[in-house]
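Data block below; observations after.
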Amino acid sequence: MGGHPDRGTLSRDLTLRDLGRGPLEVARDLLGVHLVAGGVTLRLTEVEAYHGPADPGSHGYRGMTPRTEVMFGPPGRLYVYRSYGIHWCVNVVCGAKGECAAVLLRAGEVVRGHDLVAARRPDVRHRDLARGPGRLTKALGISGEDNGASVVGRRAPFALRAPSEGVPEAVVRTGPRVGVSGPGGDGRTHPWRFWIDGERTVSPYRPGRR
């Protein structure tokens with residue numbers, strides 16, 4: 001376990017073993033996990049899995065580039081990229097080293113550090129503070145400088161903290177990923193978006209543009 005403060009009722013920090021599994025397994029298990037970034041804690045309510053050469057929707061589908069190198073591992077690091085030149089998005093790298101697997105953090109509920117988040121995102125309803133990947137990074141203060149940062153270990157600048165009881169299967173939903181077009185956007189072959197049913201912080205679904 002890491003040495004991060006404010007563990008509360010949460011059982012433990014996630015380890016390399018937890019994140020070294022396939023992206024679909026990791027994505028499901030990240031629901032309900034708390035991401036700690038500085039003075040802010042976010043409970044994850046929506047994520048998406050991406051899996052390299054097997055996934056046309058992945059940045060790593062055509063192989064490693066300077067931009068996607070972090071996605072190829074090792075696991076337990078952040079892959080941060082700029083979306084449409086507008087906002088930052090953050091992924092947790094998972095799988096085995098060289099596999100190119102990651103989970104995009106799409107949305108969450110702010111459970112600690114409300115004043116800090118409110119200063120970053122003034123005049124925004126609580127539900128919308130981290131409702132969508134660009135809003136999530138703003139709420140947490142994550143930028144391109146955090147690309148490659150660790151989420152595992154005592155000295156890591158970020159922590160993923162598992163609850164003592166996981167999210168029950170009865171409220172887990174899956175479907176097509178937001179904004180992904182082509183084969184990777186097909187909810188029948190790639191239902192790789194995971195969210196907690198009934199959570200107000202989950203972002204609305206929008207299909208990809210062909």
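A note on labels: chains of the structure tokens are A, B, ... as shown, every chain counts residues from 1, and ligands are counted from 1 in their shown order.
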Pull the closest atom pair for each residue of region 128-170 of chain A that gets at most 7 Å from region 89-108 of chain A, along with the distance in Å to one decimal, counting only C-alpha atoms, ordering rows by chain and then ascending residue number, as a tab-separated table.
```
residue	atom	partner	partner_atom	distance
A:Ala130	CA	A:Ala107	CA	5.5
A:Arg131	CA	A:Ala107	CA	4.7
A:Gly132	CA	A:Ala107	CA	4.9
A:Pro133	CA	A:Arg106	CA	4.3
A:Gly134	CA	A:Cys89	CA	5.7
A:Leu136	CA	A:Ala107	CA	6.1
A:Thr137	CA	A:Cys89	CA	6.3
```
Residues at most 12 Å from Pro191 (chain A), counting only C-alpha atoms, excluding those fewer than 2 positions away in the same chain, as a short mmCIF file (atom, residue, chain, number, x, y, z; two decimals) with N, CA and C atoms, in the first residue's frame?
```
data_model
loop_
_atom_site.label_atom_id
_atom_site.label_comp_id
_atom_site.auth_asym_id
_atom_site.auth_seq_id
_atom_site.Cartn_x
_atom_site.Cartn_y
_atom_site.Cartn_z
N LEU A 24 -10.06 -4.47 -20.22
CA LEU A 24 -11.48 -4.65 -19.90
C LEU A 24 -11.67 -4.99 -18.43
N ALA A 27 -10.76 -1.77 -16.46
CA ALA A 27 -11.79 -0.74 -16.61
C ALA A 27 -12.98 -1.03 -15.68
N ARG A 28 -13.44 -2.26 -15.69
CA ARG A 28 -14.58 -2.62 -14.83
C ARG A 28 -14.24 -2.36 -13.36
N VAL A 47 -15.68 5.04 -17.28
CA VAL A 47 -14.37 4.81 -17.90
C VAL A 47 -14.55 4.13 -19.25
N GLU A 48 -13.46 4.09 -20.05
CA GLU A 48 -13.47 3.38 -21.32
C GLU A 48 -12.15 2.63 -21.50
N ALA A 49 -12.23 1.41 -22.03
CA ALA A 49 -11.05 0.59 -22.26
C ALA A 49 -10.56 0.75 -23.70
N TYR A 50 -9.21 0.72 -23.87
CA TYR A 50 -8.57 0.79 -25.19
C TYR A 50 -7.45 -0.24 -25.22
N ASP A 55 -7.66 -2.92 -31.45
CA ASP A 55 -8.70 -1.92 -31.22
C ASP A 55 -8.53 -0.73 -32.16
N GLY A 57 -10.11 1.87 -32.31
CA GLY A 57 -10.35 3.14 -31.62
C GLY A 57 -9.19 3.62 -30.77
N ARG A 173 -23.00 -0.84 -16.11
CA ARG A 173 -23.53 -0.84 -17.47
C ARG A 173 -22.36 -0.76 -18.46
N THR A 174 -22.55 -1.33 -19.64
CA THR A 174 -21.55 -1.25 -20.70
C THR A 174 -22.21 -0.83 -22.00
N GLY A 175 -21.40 -0.25 -22.89
CA GLY A 175 -21.93 0.17 -24.18
C GLY A 175 -20.81 0.72 -25.05
N PRO A 176 -21.16 1.25 -26.23
CA PRO A 176 -20.14 1.80 -27.13
C PRO A 176 -19.45 3.01 -26.52
N ARG A 177 -18.22 3.21 -26.92
CA ARG A 177 -17.45 4.33 -26.40
C ARG A 177 -17.89 5.64 -27.05
N VAL A 178 -17.73 6.71 -26.31
CA VAL A 178 -18.19 8.03 -26.77
C VAL A 178 -17.26 8.57 -27.85
N VAL A 180 -16.29 7.52 -30.73
CA VAL A 180 -15.44 6.61 -31.52
C VAL A 180 -16.24 6.15 -32.73
N PRO A 183 -15.17 0.72 -36.93
CA PRO A 183 -15.29 -0.56 -36.22
C PRO A 183 -15.15 -0.44 -34.71
N GLY A 184 -14.27 0.44 -34.26
CA GLY A 184 -14.06 0.59 -32.82
C GLY A 184 -15.21 1.27 -32.11
N GLY A 185 -16.13 1.87 -32.86
CA GLY A 185 -17.26 2.54 -32.24
C GLY A 185 -18.50 1.68 -32.17
N ASP A 186 -18.41 0.44 -32.64
CA ASP A 186 -19.54 -0.46 -32.66
C ASP A 186 -19.77 -1.05 -31.28
N GLY A 187 -20.91 -0.75 -30.69
CA GLY A 187 -21.20 -1.26 -29.37
C GLY A 187 -21.36 -2.76 -29.29
N ARG A 188 -21.58 -3.41 -30.45
CA ARG A 188 -21.71 -4.87 -30.44
C ARG A 188 -20.35 -5.55 -30.36
N THR A 189 -19.36 -4.99 -31.03
CA THR A 189 -18.02 -5.59 -31.00
C THR A 189 -17.11 -4.94 -29.98
N ARG A 193 -17.18 0.83 -22.98
CA ARG A 193 -17.46 1.92 -22.05
C ARG A 193 -18.19 1.32 -20.85
N PHE A 194 -17.71 1.66 -19.65
CA PHE A 194 -18.28 1.14 -18.41
C PHE A 194 -18.74 2.31 -17.55
N TRP A 195 -19.93 2.21 -16.97
CA TRP A 195 -20.38 3.27 -16.09
C TRP A 195 -21.29 2.70 -15.01
#
```
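Secondary structure of region 62-141 of chain A, alpha helix (DSSP H) only (DSSP, backbone atoms): His114, Asp115, Leu116, Val117, Ala118, Ala119, Arg120, Pro133, Gly134, Arg135, Leu136, Thr137, Lys138, Ala139 and Leu140 of chain A.
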Let's have the selection written as a PDB file, in the first residue's frame, with C-alpha atoms.
```
ATOM      1  CA  HIS A 114     -14.389  20.869  -3.411  1.00  0.00           C
ATOM      2  CA  ASP A 115     -12.980  24.347  -2.760  1.00  0.00           C
ATOM      3  CA  LEU A 116      -9.933  23.659  -4.907  1.00  0.00           C
ATOM      4  CA  VAL A 117     -12.057  22.251  -7.739  1.00  0.00           C
ATOM      5  CA  ALA A 118     -14.487  25.167  -7.490  1.00  0.00           C
ATOM      6  CA  ALA A 119     -11.576  27.580  -7.929  1.00  0.00           C
ATOM      7  CA  ARG A 120     -10.502  25.714 -11.059  1.00  0.00           C
ATOM      8  CA  PRO A 133     -12.829  13.635 -19.702  1.00  0.00           C
ATOM      9  CA  GLY A 134     -11.865  17.282 -20.263  1.00  0.00           C
ATOM     10  CA  ARG A 135     -13.730  18.433 -17.178  1.00  0.00           C
ATOM     11  CA  LEU A 136     -12.202  15.607 -15.154  1.00  0.00           C
ATOM     12  CA  THR A 137      -8.633  16.724 -15.860  1.00  0.00           C
ATOM     13  CA  LYS A 138      -9.508  20.339 -15.078  1.00  0.00           C
ATOM     14  CA  ALA A 139     -11.037  19.311 -11.768  1.00  0.00           C
ATOM     15  CA  LEU A 140      -7.927  17.344 -10.841  1.00  0.00           C
TER      16      LEU A 140
END
```
Select from chain A everything DSSP, run on the backbone, classes as strand (DSSP E or B), then give the selection as a ChimeraX atom specification.
/A:10-13,34-37,40-50,77-83,87-94,101-112,131,150,158-163,172-175,193-196
Only C-alpha atoms, please: the residues just picked out, written as a short mmCIF file (atom, residue, chain, number, x, y, z; two decimals), in the first residue's frame.
```cif
data_model
loop_
_atom_site.label_atom_id
_atom_site.label_comp_id
_atom_site.auth_asym_id
_atom_site.auth_seq_id
_atom_site.Cartn_x
_atom_site.Cartn_y
_atom_site.Cartn_z
CA LEU A 10 -11.04 2.71 1.52
CA SER A 11 -9.20 -0.57 1.78
CA ARG A 12 -5.95 -0.16 -0.15
CA ASP A 13 -4.04 1.53 -2.95
CA HIS A 34 -10.93 6.96 -5.83
CA LEU A 35 -8.27 8.86 -7.76
CA VAL A 36 -6.25 11.15 -5.51
CA ALA A 37 -4.49 14.08 -7.17
CA VAL A 40 -8.61 16.50 -4.70
CA THR A 41 -10.21 13.06 -4.52
CA LEU A 42 -12.47 11.85 -7.30
CA ARG A 43 -14.68 8.74 -7.27
CA LEU A 44 -14.65 7.25 -10.77
CA THR A 45 -18.11 6.65 -12.26
CA GLU A 46 -17.35 6.22 -15.98
CA VAL A 47 -14.37 4.81 -17.90
CA GLU A 48 -13.47 3.38 -21.32
CA ALA A 49 -11.05 0.59 -22.26
CA TYR A 50 -8.57 0.79 -25.19
CA ARG A 77 1.36 5.30 -15.29
CA LEU A 78 -0.78 8.07 -16.74
CA TYR A 79 -1.17 8.62 -20.47
CA VAL A 80 -2.23 12.25 -20.95
CA TYR A 81 -3.04 13.70 -24.37
CA ARG A 82 -4.63 16.80 -25.83
CA SER A 83 -8.04 16.19 -27.43
CA HIS A 87 -8.56 19.95 -23.45
CA TRP A 88 -6.49 17.26 -21.75
CA CYS A 89 -7.64 13.67 -21.32
CA VAL A 90 -6.11 11.17 -18.89
CA ASN A 91 -5.78 7.38 -19.10
CA VAL A 92 -4.42 4.79 -16.70
CA VAL A 93 -1.96 2.49 -18.50
CA CYS A 94 -2.59 -1.19 -17.79
CA ALA A 101 -3.50 -0.99 -23.09
CA ALA A 102 -5.11 1.88 -21.22
CA VAL A 103 -8.33 3.01 -19.58
CA LEU A 104 -9.67 6.49 -20.26
CA LEU A 105 -11.12 8.19 -17.20
CA ARG A 106 -14.32 9.76 -18.47
CA ALA A 107 -16.17 11.01 -15.40
CA GLY A 108 -16.32 11.05 -11.64
CA GLU A 109 -17.74 12.58 -8.50
CA VAL A 110 -15.66 15.01 -6.46
CA VAL A 111 -15.62 13.68 -2.90
CA ARG A 112 -12.84 15.81 -1.46
CA ARG A 131 -18.55 15.03 -15.97
CA SER A 150 3.01 7.06 -11.70
CA PHE A 158 -1.15 10.17 -7.77
CA ALA A 159 -2.99 7.28 -6.10
CA LEU A 160 -5.81 4.93 -7.05
CA ARG A 161 -7.56 3.81 -3.90
CA ALA A 162 -9.96 0.87 -3.90
CA PRO A 163 -13.09 0.88 -1.73
CA VAL A 172 -22.60 -1.73 -13.89
CA ARG A 173 -23.53 -0.84 -17.47
CA THR A 174 -21.55 -1.25 -20.70
CA GLY A 175 -21.93 0.17 -24.18
CA ARG A 193 -17.46 1.92 -22.05
CA PHE A 194 -18.28 1.14 -18.41
CA TRP A 195 -20.38 3.27 -16.09
CA ILE A 196 -22.35 3.11 -12.84
#
```
Kindly indicate which residue among A:Gly148, A:Gly198, A:Pro204, A:Gly20 lies nearest to Gly179 (chain A), using only C-alpha atoms for the distances.
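Using only C-alpha atoms, the shortest distance to Gly179 (chain A) belongs to A:Pro204.
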One decimal place gives the CA of Val167 (chain A)-CA of Val202 (chain A) separation as 14.8 Å
Atomic separation - CA of Tyr84 (chain A) relative to CA of Gly60 (chain A), Å
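Value for the CA of Gly60 (chain A)-CA of Tyr84 (chain A) distance: 17.0 Å.
In terms of minimum interatomic distance to Gly182 (chain A), A:Pro207 ranks closest within A:Pro207, A:Gly52, A:Thr15, A:Asp123, counting only C-alpha atoms.
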